[in-house]
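Peer 1: Supplied structure: final38.tsv, TSV, C-alpha atoms.
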chain	number	residue	atom	x	y	z
A	1	MET	CA	-36.20	-121.54	39.44
A	2	LYS	CA	-33.54	-118.96	39.91
A	3	HIS	CA	-33.78	-115.79	37.83
A	4	LEU	CA	-31.30	-115.35	35.04
A	5	PRO	CA	-28.64	-112.76	35.71
A	6	LYS	CA	-29.64	-109.49	34.16
A	7	HIS	CA	-27.20	-109.52	31.27
A	8	LEU	CA	-28.45	-112.92	30.16
A	9	ARG	CA	-32.12	-112.09	30.15
A	10	PRO	CA	-33.71	-111.61	26.73
A	11	ARG	CA	-34.10	-108.07	25.48
A	12	TRP	CA	-37.61	-107.17	24.50
A	13	ARG	CA	-39.30	-104.56	22.40
A	14	TYR	CA	-42.94	-103.65	22.89
A	15	LEU	CA	-45.15	-102.73	19.94
A	16	ALA	CA	-48.29	-100.69	20.44
A	17	ILE	CA	-50.98	-101.71	18.01
A	18	GLY	CA	-54.19	-100.03	16.93
A	19	LEU	CA	-56.97	-102.37	15.82
A	20	GLU	CA	-60.14	-101.73	13.92
A	21	SER	CA	-62.96	-103.95	12.74
A	22	TRP	CA	-66.68	-103.89	11.99
A	23	PRO	CA	-68.85	-102.97	14.98
A	24	ASN	CA	-70.26	-106.49	15.43
A	25	ALA	CA	-66.85	-108.14	15.67
A	26	GLU	CA	-65.90	-109.87	18.89
A	27	ILE	CA	-62.20	-110.34	19.39
A	28	ASP	CA	-60.45	-111.28	22.59
A	29	ARG	CA	-56.84	-111.56	23.66
A	30	ARG	CA	-56.74	-115.30	23.17
A	31	SER	CA	-57.99	-115.24	19.57
A	32	PHE	CA	-55.68	-112.39	18.66
A	33	GLN	CA	-52.73	-114.24	20.17
A	34	ARG	CA	-53.63	-117.37	18.22
A	35	GLU	CA	-53.92	-115.38	15.00
A	36	LEU	CA	-50.54	-113.78	15.67
A	37	TRP	CA	-48.90	-117.17	16.11
A	38	TYR	CA	-50.55	-118.55	12.99
A	39	ALA	CA	-49.50	-115.52	10.98
A	40	ALA	CA	-45.90	-115.84	12.19
A	41	GLN	CA	-45.79	-119.52	11.43
A	42	ASN	CA	-47.34	-119.12	7.99
A	43	LEU	CA	-45.12	-116.24	6.98
A	44	LEU	CA	-41.81	-117.14	8.60
A	45	GLY	CA	-42.11	-120.81	9.48
A	46	ASP	CA	-41.51	-122.45	12.84
A	47	VAL	CA	-37.96	-121.15	13.11
A	48	GLY	CA	-38.88	-117.56	12.40
A	49	SER	CA	-41.87	-117.76	14.67
A	50	ALA	CA	-39.71	-118.99	17.52
A	51	GLU	CA	-37.17	-116.26	16.87
A	52	LEU	CA	-39.79	-113.54	17.17
A	53	ASP	CA	-41.19	-115.08	20.34
A	54	ALA	CA	-44.08	-112.68	19.99
A	55	SER	CA	-46.83	-112.56	22.59
A	56	VAL	CA	-49.76	-110.31	23.34
A	57	LEU	CA	-49.47	-108.55	26.69
A	58	HIS	CA	-52.20	-106.00	26.84
A	59	PHE	CA	-55.38	-106.36	24.84
A	60	GLU	CA	-58.56	-104.39	24.69
A	61	PHE	CA	-61.26	-104.50	22.05
A	62	GLU	CA	-64.76	-103.15	22.09
A	63	SER	CA	-67.40	-102.26	19.52
A	64	GLY	CA	-65.11	-102.26	16.54
A	65	ILE	CA	-61.91	-100.70	17.82
A	66	GLY	CA	-59.15	-101.80	20.08
A	67	GLU	CA	-55.52	-101.64	21.04
A	68	ALA	CA	-52.86	-104.12	22.00
A	69	VAL	CA	-49.29	-104.34	23.19
A	70	VAL	CA	-47.22	-107.09	21.59
A	71	ARG	CA	-43.87	-108.15	22.99
A	72	THR	CA	-41.13	-109.34	20.69
A	73	ARG	CA	-37.39	-109.91	20.77
A	74	ARG	CA	-35.22	-106.90	20.22
A	75	GLY	CA	-33.89	-106.93	16.66
A	76	GLU	CA	-36.97	-108.70	15.35
A	77	VAL	CA	-39.24	-105.66	15.30
A	78	ASP	CA	-39.39	-105.43	11.53
A	79	ARG	CA	-40.23	-109.06	11.05
A	80	THR	CA	-42.89	-108.79	13.74
A	81	ARG	CA	-44.26	-105.79	11.92
A	82	ALA	CA	-44.52	-107.87	8.76
A	83	VAL	CA	-46.28	-110.66	10.63
A	84	LEU	CA	-48.75	-108.19	12.11
A	85	ALA	CA	-49.40	-106.71	8.67
A	86	VAL	CA	-50.50	-110.05	7.28
A	87	ILE	CA	-53.13	-110.58	9.97
A	88	ASP	CA	-56.20	-109.80	7.91
A	89	ALA	CA	-58.88	-111.36	10.08
A	90	VAL	CA	-59.28	-112.60	13.65
A	91	ASP	CA	-61.91	-115.27	14.26
A	92	GLY	CA	-63.36	-114.53	10.84
A	93	ALA	CA	-63.75	-110.82	11.50
A	94	ASP	CA	-61.78	-108.57	9.14
A	95	VAL	CA	-59.33	-106.39	11.02
A	96	GLY	CA	-57.45	-103.26	10.13
A	97	LEU	CA	-54.22	-103.07	12.04
A	98	ARG	CA	-51.41	-100.63	12.45
A	99	VAL	CA	-48.29	-100.41	14.58
A	100	ARG	CA	-48.50	-97.09	16.39
A	101	GLY	CA	-45.01	-97.26	17.80
A	102	THR	CA	-42.42	-99.32	19.62
A	103	SER	CA	-40.78	-98.93	22.99
A	104	GLY	CA	-38.22	-100.63	25.16
A	105	THR	CA	-40.52	-100.99	28.17
A	106	VAL	CA	-44.17	-101.85	28.56
A	107	ARG	CA	-44.71	-98.77	30.59
A	108	ALA	CA	-43.29	-96.36	28.03
A	109	CYS	CA	-45.24	-98.17	25.34
A	110	GLU	CA	-48.54	-97.80	27.14
A	111	GLU	CA	-47.93	-94.24	28.21
A	112	LYS	CA	-47.01	-93.11	24.75
A	113	TYR	CA	-49.32	-95.03	22.47
A	114	ILE	CA	-52.19	-96.57	24.41
A	115	ARG	CA	-54.91	-94.01	24.95
A	116	ARG	CA	-57.29	-95.78	27.24
A	117	PRO	CA	-60.08	-93.23	27.51
A	118	ARG	CA	-62.22	-94.64	24.71
A	119	GLU	CA	-63.89	-92.68	22.02
A	120	ASP	CA	-67.64	-92.71	22.43
A	121	PHE	CA	-69.78	-94.34	19.84
A	122	GLU	CA	-73.47	-94.04	19.21
A	123	GLU	CA	-76.10	-95.82	17.17
A	124	ARG	CA	-78.05	-93.58	14.85
A	125	ASN	CA	-80.42	-93.75	11.94
A	126	VAL	CA	-78.87	-92.13	8.91
A	127	VAL	CA	-79.60	-91.68	5.23
A	128	PHE	CA	-77.03	-93.49	3.13
A	129	GLY	CA	-77.46	-93.95	-0.61
A	130	ASN	CA	-81.04	-92.59	-0.47
A	131	ALA	CA	-82.21	-95.16	2.07
A	132	ASP	CA	-82.70	-95.16	5.82
A	133	ARG	CA	-80.06	-97.22	7.56
A	134	ARG	CA	-78.88	-97.97	11.04
A	135	ALA	CA	-75.33	-96.91	11.64
A	136	ILE	CA	-72.70	-96.90	14.34
A	137	CYS	CA	-70.88	-93.59	14.51
A	138	ARG	CA	-67.56	-92.85	16.17
A	139	ASN	CA	-66.41	-89.27	15.73
A	140	ASP	CA	-66.95	-88.84	12.04
A	141	ARG	CA	-66.38	-92.49	11.14
A	142	VAL	CA	-69.64	-94.22	10.33
A	143	ASP	CA	-70.23	-97.93	9.83
A	144	VAL	CA	-73.53	-98.30	8.00
A	145	GLU	CA	-75.46	-101.52	8.33
A	146	LEU	CA	-76.75	-102.85	5.00
A	147	PRO	CA	-78.60	-106.12	4.48
A	148	ASP	CA	-75.41	-107.78	3.20
A	149	GLY	CA	-73.03	-106.45	5.81
A	150	PHE	CA	-71.41	-103.22	6.93
A	151	VAL	CA	-70.10	-100.42	4.79
A	152	GLY	CA	-67.33	-98.16	6.01
A	153	ALA	CA	-68.28	-94.53	5.52
A	154	THR	CA	-67.76	-91.14	7.12
A	155	ALA	CA	-69.85	-88.14	8.01
A	156	LEU	CA	-69.37	-86.89	4.45
A	157	ASP	CA	-71.34	-89.84	3.04
A	158	ILE	CA	-74.46	-89.65	5.18
A	159	ARG	CA	-77.28	-87.36	6.07
A	160	ASP	CA	-79.01	-87.47	9.44
A	161	ASN	CA	-82.73	-87.79	9.67
B	1	MET	CA	-46.66	-92.04	-0.62
B	2	TYR	CA	-49.94	-93.00	-2.25
B	3	GLU	CA	-52.05	-96.14	-2.29
B	4	GLY	CA	-54.31	-97.41	-5.08
B	5	VAL	CA	-57.67	-98.36	-3.57
B	6	HIS	CA	-60.99	-99.87	-4.60
B	7	ALA	CA	-64.00	-98.09	-3.10
B	8	ARG	CA	-67.61	-99.13	-2.85
B	9	PRO	CA	-69.24	-100.68	-4.92
B	10	ASP	CA	-65.92	-102.26	-5.96
B	11	GLY	CA	-65.11	-102.67	-2.26
B	12	GLU	CA	-66.75	-102.28	1.13
B	13	SER	CA	-65.84	-98.73	2.12
B	14	THR	CA	-66.57	-95.35	0.63
B	15	VAL	CA	-63.88	-93.14	-0.84
B	16	ALA	CA	-64.17	-90.82	2.17
B	17	ARG	CA	-63.58	-93.63	4.67
B	18	LEU	CA	-60.58	-94.93	2.74
B	19	ALA	CA	-59.18	-91.42	2.59
B	20	ALA	CA	-59.70	-90.88	6.32
B	21	THR	CA	-57.96	-94.15	7.21
B	22	ALA	CA	-55.17	-93.55	4.70
B	23	ALA	CA	-54.54	-90.20	6.35
B	24	ASP	CA	-54.28	-91.91	9.76
B	25	TYR	CA	-51.83	-94.42	8.32
B	26	GLY	CA	-49.51	-91.76	6.96
B	27	PHE	CA	-50.32	-91.83	3.26
B	28	GLU	CA	-50.26	-88.57	1.34
B	29	GLY	CA	-53.01	-89.64	-1.02
B	30	ILE	CA	-55.12	-92.36	-2.55
B	31	VAL	CA	-55.77	-93.25	-6.16
B	32	VAL	CA	-59.35	-94.47	-6.57
B	33	ARG	CA	-59.08	-97.21	-9.15
B	34	ASN	CA	-62.48	-98.82	-9.22
B	35	HIS	CA	-63.02	-101.20	-12.08
B	36	GLY	CA	-64.77	-99.71	-15.10
B	37	ASP	CA	-68.00	-101.58	-14.36
B	38	ALA	CA	-68.09	-100.58	-10.67
B	39	GLN	CA	-67.65	-96.83	-10.74
B	40	THR	CA	-68.61	-94.49	-7.95
B	41	SER	CA	-69.19	-90.78	-7.72
B	42	TYR	CA	-67.44	-88.72	-5.06
B	43	ASP	CA	-66.31	-85.21	-4.37
B	44	SER	CA	-62.54	-85.64	-4.46
B	45	GLY	CA	-61.81	-82.02	-3.57
B	46	GLY	CA	-64.17	-82.02	-0.60
B	47	ILE	CA	-62.79	-85.28	0.78
B	48	ALA	CA	-59.22	-84.08	0.27
B	49	ASP	CA	-59.94	-80.87	2.19
B	50	GLU	CA	-61.64	-82.72	5.04
B	51	TYR	CA	-58.96	-85.34	5.68
B	52	GLY	CA	-55.83	-83.72	4.32
B	53	VAL	CA	-54.98	-86.42	1.78
B	54	ASP	CA	-54.95	-86.15	-1.96
B	55	VAL	CA	-57.80	-88.02	-3.66
B	56	VAL	CA	-56.98	-88.92	-7.25
B	57	GLU	CA	-59.55	-90.02	-9.77
B	58	GLY	CA	-58.40	-93.16	-11.52
B	59	ILE	CA	-59.86	-96.20	-13.16
B	60	GLU	CA	-58.94	-99.84	-13.65
B	61	ILE	CA	-60.03	-101.01	-17.08
B	62	ARG	CA	-61.22	-104.58	-17.21
B	63	SER	CA	-62.26	-106.36	-20.38
B	64	ASP	CA	-61.90	-109.72	-22.07
B	65	ASP	CA	-61.55	-108.11	-25.43
B	66	VAL	CA	-58.44	-106.18	-26.45
B	67	GLY	CA	-60.37	-104.04	-28.93
B	68	GLN	CA	-62.82	-102.97	-26.28
B	69	ALA	CA	-60.06	-102.32	-23.76
B	70	SER	CA	-58.31	-100.14	-26.30
B	71	GLY	CA	-61.46	-98.10	-26.80
B	72	LEU	CA	-61.89	-97.71	-23.03
B	73	VAL	CA	-58.30	-96.56	-22.57
B	74	GLY	CA	-58.75	-93.92	-25.25
B	75	ASN	CA	-62.03	-92.90	-23.72
B	76	TYR	CA	-60.87	-92.55	-20.11
B	77	ARG	CA	-57.39	-91.15	-20.78
B	78	SER	CA	-58.74	-87.63	-21.00
B	79	LYS	CA	-61.21	-88.08	-18.13
B	80	ARG	CA	-59.12	-89.67	-15.40
B	81	THR	CA	-55.77	-88.79	-13.91
B	82	VAL	CA	-54.58	-92.38	-13.58
B	83	VAL	CA	-55.51	-95.14	-16.02
B	84	CYS	CA	-54.76	-98.70	-14.88
B	85	VAL	CA	-55.43	-101.90	-16.78
B	86	HIS	CA	-56.67	-105.06	-15.07
B	87	GLY	CA	-53.78	-107.49	-15.57
B	88	GLY	CA	-54.06	-111.06	-16.78
B	89	SER	CA	-55.10	-111.54	-20.37
B	90	LEU	CA	-54.54	-107.83	-21.09
B	91	ASN	CA	-50.87	-107.82	-20.05
B	92	ARG	CA	-49.51	-107.73	-23.58
B	93	PHE	CA	-51.94	-105.04	-24.65
B	94	ALA	CA	-51.27	-102.85	-21.62
B	95	VAL	CA	-47.48	-102.75	-21.80
B	96	GLU	CA	-47.63	-101.81	-25.48
B	97	GLN	CA	-49.93	-98.83	-24.86
B	98	SER	CA	-48.12	-95.70	-23.82
B	99	GLN	CA	-51.50	-94.26	-22.77
B	100	VAL	CA	-51.69	-96.79	-19.94
B	101	ASP	CA	-50.16	-95.72	-16.63
B	102	VAL	CA	-50.24	-98.91	-14.57
B	103	LEU	CA	-50.64	-102.57	-15.36
B	104	ALA	CA	-52.36	-103.83	-12.21
B	105	HIS	CA	-51.57	-107.28	-10.78
B	106	PRO	CA	-49.91	-108.62	-13.97
B	107	MET	CA	-49.10	-111.93	-12.28
B	108	ARG	CA	-52.65	-112.80	-11.26
B	109	ASN	CA	-54.06	-115.08	-13.98
B	110	GLY	CA	-51.31	-113.89	-16.25
B	111	ASP	CA	-47.58	-113.77	-16.69
B	112	VAL	CA	-44.79	-111.34	-17.44
B	113	ASN	CA	-41.63	-112.23	-19.32
B	114	HIS	CA	-38.60	-110.36	-20.60
B	115	VAL	CA	-40.46	-109.21	-23.73
B	116	LEU	CA	-43.27	-107.63	-21.74
B	117	ALA	CA	-40.84	-106.12	-19.23
B	118	LYS	CA	-38.90	-104.43	-22.03
B	119	ALA	CA	-42.11	-103.17	-23.62
B	120	ALA	CA	-43.16	-101.75	-20.24
B	121	VAL	CA	-39.88	-99.83	-20.05
B	122	GLU	CA	-40.29	-98.53	-23.59
B	123	ASN	CA	-43.87	-97.34	-23.12
B	124	ASP	CA	-43.39	-96.20	-19.53
B	125	VAL	CA	-46.10	-98.49	-18.18
B	126	ARG	CA	-45.71	-99.25	-14.48
B	127	LEU	CA	-45.95	-102.87	-13.42
B	128	GLU	CA	-47.71	-103.34	-10.12
B	129	PHE	CA	-46.43	-105.40	-7.23
B	130	ASN	CA	-49.77	-106.37	-5.80
B	131	PHE	CA	-49.55	-107.52	-2.17
B	132	ALA	CA	-53.23	-108.48	-1.89
B	133	ARG	CA	-52.66	-112.23	-1.78
B	134	VAL	CA	-49.57	-111.96	0.41
B	135	LEU	CA	-51.55	-110.01	2.97
B	136	ARG	CA	-54.90	-111.74	2.75
B	137	ALA	CA	-54.50	-115.27	1.37
B	138	ASP	CA	-52.73	-118.24	2.90
B	139	GLY	CA	-51.52	-121.69	1.97
B	140	GLY	CA	-51.15	-122.57	-1.71
B	141	PRO	CA	-52.53	-119.37	-3.25
B	142	ARG	CA	-50.21	-117.28	-1.12
B	143	VAL	CA	-47.16	-119.38	-1.94
B	144	LYS	CA	-48.03	-118.98	-5.61
B	145	ALA	CA	-48.48	-115.22	-5.24
B	146	ILE	CA	-45.12	-114.86	-3.47
B	147	ARG	CA	-43.36	-116.97	-6.09
B	148	ARG	CA	-44.80	-114.83	-8.85
B	149	LEU	CA	-43.95	-111.58	-7.10
B	150	ARG	CA	-40.38	-112.80	-6.97
B	151	LYS	CA	-40.35	-113.50	-10.69
B	152	LEU	CA	-41.75	-110.06	-11.38
B	153	ARG	CA	-39.20	-108.47	-9.08
B	154	GLU	CA	-36.34	-110.20	-10.84
B	155	LEU	CA	-37.59	-108.94	-14.21
B	156	VAL	CA	-38.18	-105.43	-12.93
B	157	GLU	CA	-34.69	-105.30	-11.43
B	158	GLN	CA	-33.10	-106.70	-14.58
B	159	TYR	CA	-34.68	-104.22	-16.98
B	160	ASP	CA	-35.10	-101.36	-14.53
B	161	ALA	CA	-38.80	-101.31	-15.36
B	162	PRO	CA	-41.06	-98.73	-13.72
B	163	TYR	CA	-43.25	-100.18	-10.96
B	164	VAL	CA	-45.74	-99.34	-8.25
B	165	VAL	CA	-46.54	-101.19	-5.03
B	166	SER	CA	-49.99	-101.59	-3.53
B	167	ALA	CA	-51.82	-103.60	-0.90
B	168	ASP	CA	-54.84	-103.35	-3.20
B	169	PRO	CA	-57.26	-102.57	-0.35
B	170	ARG	CA	-60.98	-103.02	-0.92
B	171	SER	CA	-61.99	-101.65	2.45
B	172	HIS	CA	-60.47	-99.35	5.04
B	173	LEU	CA	-59.65	-102.47	7.08
B	174	GLN	CA	-57.41	-103.80	4.34
B	175	LEU	CA	-55.19	-100.74	4.26
B	176	ARG	CA	-51.72	-101.20	5.71
B	177	SER	CA	-49.32	-98.40	6.50
B	178	PRO	CA	-46.18	-97.81	4.39
B	179	ARG	CA	-43.86	-99.10	7.10
B	180	GLU	CA	-45.83	-102.31	7.45
B	181	LEU	CA	-45.76	-102.85	3.69
B	182	ALA	CA	-42.02	-102.22	3.64
B	183	ALA	CA	-41.59	-104.80	6.42
B	184	VAL	CA	-43.60	-107.36	4.46
B	185	GLY	CA	-41.54	-106.51	1.40
B	186	SER	CA	-38.27	-107.15	3.17
B	187	VAL	CA	-39.50	-110.56	4.31
B	188	LEU	CA	-40.30	-111.31	0.65
B	189	GLY	CA	-36.82	-110.27	-0.44
B	190	PHE	CA	-37.44	-106.73	-1.64
B	191	GLY	CA	-34.64	-104.25	-1.09
B	192	PRO	CA	-34.86	-101.75	1.78
B	193	GLU	CA	-36.16	-98.88	-0.39
B	194	GLU	CA	-37.92	-100.84	-3.09
B	195	VAL	CA	-41.38	-100.97	-1.57
B	196	THR	CA	-41.35	-97.37	-0.39
B	197	ASP	CA	-40.22	-96.32	-3.83
B	198	GLY	CA	-43.12	-98.17	-5.40
B	199	LEU	CA	-45.53	-96.29	-3.12
B	200	ARG	CA	-43.89	-93.00	-4.03
B	201	GLU	CA	-44.14	-93.81	-7.72
B	202	TRP	CA	-47.93	-93.32	-7.53
B	203	LYS	CA	-47.33	-89.75	-6.50
B	204	ARG	CA	-44.79	-89.09	-9.24
B	205	LEU	CA	-47.26	-90.51	-11.72
B	206	VAL	CA	-50.10	-88.35	-10.43
B	207	ASP	CA	-47.96	-85.21	-10.52
B	208	ARG	CA	-46.82	-85.93	-14.05
B	209	ASN	CA	-50.31	-86.63	-15.34
B	210	ARG	CA	-51.74	-83.57	-13.67
B	211	SER	CA	-49.18	-81.31	-15.23
B	212	ARG	CA	-49.83	-82.97	-18.59
B	213	ARG	CA	-53.54	-82.42	-18.27
B	214	SER	CA	-53.20	-78.83	-17.16
B	215	ASP	CA	-54.14	-76.08	-19.61
B	216	SER	CA	-50.57	-75.04	-20.21
B	217	VAL	CA	-49.76	-78.23	-22.12
B	218	VAL	CA	-50.54	-77.79	-25.81
B	219	ALA	CA	-49.23	-81.03	-27.24
B	220	PRO	CA	-46.82	-83.71	-26.06
B	221	GLY	CA	-43.59	-81.90	-25.34
B	222	VAL	CA	-45.04	-78.42	-25.93
B	223	ARG	CA	-45.92	-76.34	-22.89
B	224	ILE	CA	-46.83	-72.70	-22.43
B	225	GLU	CA	-44.61	-71.21	-19.74
B	226	ARG	CA	-45.04	-67.86	-18.18
B	227	ASP	CA	-42.67	-65.31	-19.54
B	228	VAL	CA	-40.25	-64.34	-16.81
B	229	ASP	CA	-39.63	-60.88	-18.29
B	230	THR	CA	-43.34	-60.04	-18.46
B	231	ASP	CA	-43.84	-61.22	-14.88
B	232	TRP	CA	-41.10	-58.92	-13.84
B	233	GLU	CA	-42.55	-56.00	-15.80
B	234	GLU	CA	-45.96	-56.61	-14.22
B	235	SER	CA	-44.62	-56.76	-10.73
B	236	LYS	CA	-42.91	-53.41	-11.05
Give the structure from this file in structure tokens form.
Peer 2:
Amino acid sequence: MKHLPKHLRPRWRYLAIGLESWPNAEIDRRSFQRELWYAAQNLLGDVGSAELDASVLHFEFESGIGEAVVRTRRGEVDRTRAVLAVIDAVDGADVGLRVRGTSGTVRACEEKYIRRPREDFEERNVVFGNADRRAICRNDRVDVELPDGFVGATALDIRDN
Amino acid sequence: MYEGVHARPDGESTVARLAATAADYGFEGIVVRNHGDAQTSYDSGGIADEYGVDVVEGIEIRSDDVGQASGLVGNYRSKRTVVCVHGGSLNRFAVEQSQVDVLAHPMRNGDVNHVLAKAAVENDVRLEFNFARVLRADGGPRVKAIRRLRKLRELVEQYDAPYVVSADPRSHLQLRSPRELAAVGSVLGFGPEEVTDGLREWKRLVDRNRSRRSDSVVAPGVRIERDVDTDWEESK
């Protein structure tokens, strides 16, 4: 099919998103996209969802943190932001999510807000609440594994052993 | 802008982790409002220094019995900077107590009407717009939560009642940044500044209570101020 003339093509905005979850979470592009569509439909209805026309372009998620680029129609950035804010879990894994910034091109968006060199993480044994626990540490953020799930902590809460 | 959070054991993250994430998200501080029966100990000064956000010691009083709640409010008023009351059956009690700072989630298992809204204005008790169910529930419960937030908003606007806004996070993953909350608010029909103002109100509240609890306050309305003339004499 012939391309639309330039002035008739839709105008897009690209949102850079920072994601966070527990270290055992497995999230891929497809499930995040599905969750985004559900969230839009639940919050804004079919009409609103169609107006946003939001889709996930770039997606990366590994060992509890990730980033994504979401495309939306220009002028709908705020509503897309609201839809993203109400995504509380993807595939049953709780996610923390934040819009780092928006740009008019994918390239600017990635250059400015997507920092691909990943932070290193390591598994360590730590003392948390007077007991030995396994923990996954990233910088000074520490996710401690307890029998009933993870606890979000930081270097201030633990002692090494 | 501040956020009122629940830390472990009331939630899944420690105060330090919530503070660290809140700092990333652009908050100036957090108010730790664990329920009375799920308290935690933490070094608020140390955490504040490490992550550059204010950590405020608060409490959310929960009780089925008004008499007991009243005792707890009196007890904790002098110990904590921010005293919240767990909304629901305690709504009436909370808005009639000028010692209470915030009535948390008044519309969850409870209701607010014009009488309570007026009492809240009179006693300077902030009503909370709690976004927990908007952000984390769906279907029927969420529809109900949104409907009730609207009712509360209409009352607050009518009587110009004081209010705070919170996402009520129980872990660092449930925090949402101020801009995101404002965006959600505008979808729900809040005015452009209303949500942000509710987040700022926490800070105003904290500042007021801190100055009230400082040594220079002798009694309500009576404050020892430094004498300007003496200062000037000393500096000479």
Peer 1: Could you make a table, as CSV, of the residues of chain B that have an atom within 6 Å of an atom of chain A, each with its nearest atom pair and distance in Å to one decimal, counting all atoms listed in the file, in chain and number order?
Peer 2:
residue,atom,partner,partner_atom,distance
B:Glu12,CA,A:Val151,CA,5.3
B:Ser13,CA,A:Gly152,CA,4.2
B:Thr14,CA,A:Ala153,CA,5.2
B:Arg17,CA,A:Ala153,CA,4.9
B:Leu135,CA,A:Val86,CA,4.4
B:Arg136,CA,A:Asp88,CA,5.7
B:Leu173,CA,A:Gly96,CA,3.8
B:Gln174,CA,A:Gly96,CA,5.8
B:Glu180,CA,A:Ala85,CA,5.8
B:Ala183,CA,A:Ala82,CA,4.8
B:Val184,CA,A:Ala82,CA,4.4
Peer 1: Please indicate the distance in Å from CA of Tyr14 (chain A) to CA of Ser55 (chain A), rounded to one decimal place.
Peer 2: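 CA of Ser55 (chain A) lies at a distance of 9.7 Å from CA of Tyr14 (chain A).
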Peer 1: Could you pull the residues within 12 Å of Ala54 (chain A), counting all atoms listed in the file, minus those fewer than 5 positions along the same chain, as an mmCIF file with C-alpha atoms, in the frame of the given file?
Peer 2:
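Final output, selection-v7.cif:
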data_model
loop_
_atom_site.group_PDB
_atom_site.id
_atom_site.type_symbol
_atom_site.label_atom_id
_atom_site.label_comp_id
_atom_site.auth_asym_id
_atom_site.auth_seq_id
_atom_site.Cartn_x
_atom_site.Cartn_y
_atom_site.Cartn_z
ATOM 1 C CA TRP A 12 -37.610 -107.170 24.500
ATOM 2 C CA ARG A 13 -39.300 -104.560 22.400
ATOM 3 C CA TYR A 14 -42.940 -103.650 22.890
ATOM 4 C CA LEU A 15 -45.150 -102.730 19.940
ATOM 5 C CA PHE A 32 -55.680 -112.390 18.660
ATOM 6 C CA GLN A 33 -52.730 -114.240 20.170
ATOM 7 C CA ARG A 34 -53.630 -117.370 18.220
ATOM 8 C CA GLU A 35 -53.920 -115.380 15.000
ATOM 9 C CA LEU A 36 -50.540 -113.780 15.670
ATOM 10 C CA TRP A 37 -48.900 -117.170 16.110
ATOM 11 C CA TYR A 38 -50.550 -118.550 12.990
ATOM 12 C CA ALA A 39 -49.500 -115.520 10.980
ATOM 13 C CA ALA A 40 -45.900 -115.840 12.190
ATOM 14 C CA GLN A 41 -45.790 -119.520 11.430
ATOM 15 C CA GLY A 48 -38.880 -117.560 12.400
ATOM 16 C CA SER A 49 -41.870 -117.760 14.670
ATOM 17 C CA VAL A 69 -49.290 -104.340 23.190
ATOM 18 C CA VAL A 70 -47.220 -107.090 21.590
ATOM 19 C CA ARG A 71 -43.870 -108.150 22.990
ATOM 20 C CA THR A 72 -41.130 -109.340 20.690
ATOM 21 C CA ARG A 73 -37.390 -109.910 20.770
ATOM 22 C CA ARG A 74 -35.220 -106.900 20.220
ATOM 23 C CA GLU A 76 -36.970 -108.700 15.350
ATOM 24 C CA VAL A 77 -39.240 -105.660 15.300
ATOM 25 C CA ARG A 79 -40.230 -109.060 11.050
ATOM 26 C CA THR A 80 -42.890 -108.790 13.740
ATOM 27 C CA ARG A 81 -44.260 -105.790 11.920
ATOM 28 C CA VAL A 83 -46.280 -110.660 10.630
ATOM 29 C CA LEU A 84 -48.750 -108.190 12.110
#
Peer 1: Separation of CA of Leu188 (chain B) and CA of Thr102 (chain A), in Å?
Peer 2: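 Taking CA of Leu188 (chain B) as the start and CA of Thr102 (chain A) as the end point, the length is 22.5 Å.
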Peer 1: Nearest to Glu123 (chain A): which of A:Pro23, A:Pro10, A:Gly18, A:Gly45 is it, counting all atoms listed in the file?
Peer 2: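 So, comparing all the options, the nearest one is A:Pro23.
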Peer 1: Report, in Å to a single decimal, how far apart CA of Val55 (chain B) and CA of Arg124 (chain A) are.
Peer 2: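 Value for the CA of Arg124 (chain A)-CA of Val55 (chain B) distance: 28.0 Å.
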Peer 1: Box for region 102-116 of chain A: with edges along x, y and z, all listed atoms inside and 8 Å added on each side, what are the centre and edge lengths in Å to one decimal, as JSON?
Peer 2:
{"center_x": -47.8, "center_y": -97.5, "center_z": 25.1, "size_x": 35.1, "size_y": 24.7, "size_z": 27.0}
Peer 1: Can you find the residues with an atom no farther than 9 Å from (-39.6, -101.1, -21.6), counting all atoms listed in the file, and report them as a list in words?
Peer 2: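 The distance filter leaves exactly Val95, Glu96, Val115, Leu116, Ala117, Lys118, Ala119, Ala120, Val121, Glu122, Asn123, Asp124, Val125, Tyr159, Asp160, Ala161 and Pro162 of chain B.
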Peer 1: If we count only C-alpha atoms, what is near Glu3 (chain B) at a cut-off of 10 Å, once residues fewer than 2 positions away on the same chain are taken out, given as a list in words?
Peer 2: Met1, Val5, His6, Leu18, Ala19, Ala22, Phe27, Glu28, Gly29, Ile30, Val31, Val32, Arg33, Val164, Val165, Ser166, Ala167, Asp168, Pro169, Leu175, Arg176, Ser177, Pro178, Gly198, Leu199, Arg200, Glu201, Trp202 and Lys203 of chain B
Peer 1: Tell me, as a VMD selection string, which residues lie within 9 Å of region 149-157 of chain B, counting only C-alpha atoms; anything in the same chain fewer than 5 positions away does not count.
Peer 2: chain B and resid 106 to 107 111 to 114 117 127 129 to 131 144 162 to 163 188 to 190
Peer 1: Between B:Asp65, B:Asp197, B:Glu225, B:Asp24, which is the closest to Asn91 (chain B) once you count all atoms listed in the file?
Peer 2: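 Ranked by minimum distance to Asn91 (chain B), first place goes to B:Asp65.
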Peer 1: Have a look at A:His7, A:Leu52, A:Arg159, A:Gly129 and name the one nearest to Leu146 (chain A); count only C-alpha atoms.
Peer 2: A:Gly129
Peer 1: Here is a test: counting all atoms listed in the file, which residue of A:Glu62, A:Val127, A:Ile114, A:Asn139 is nearest to Asn24 (chain A)?
Peer 2: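 Nearest to Asn24 (chain A): A:Glu62.
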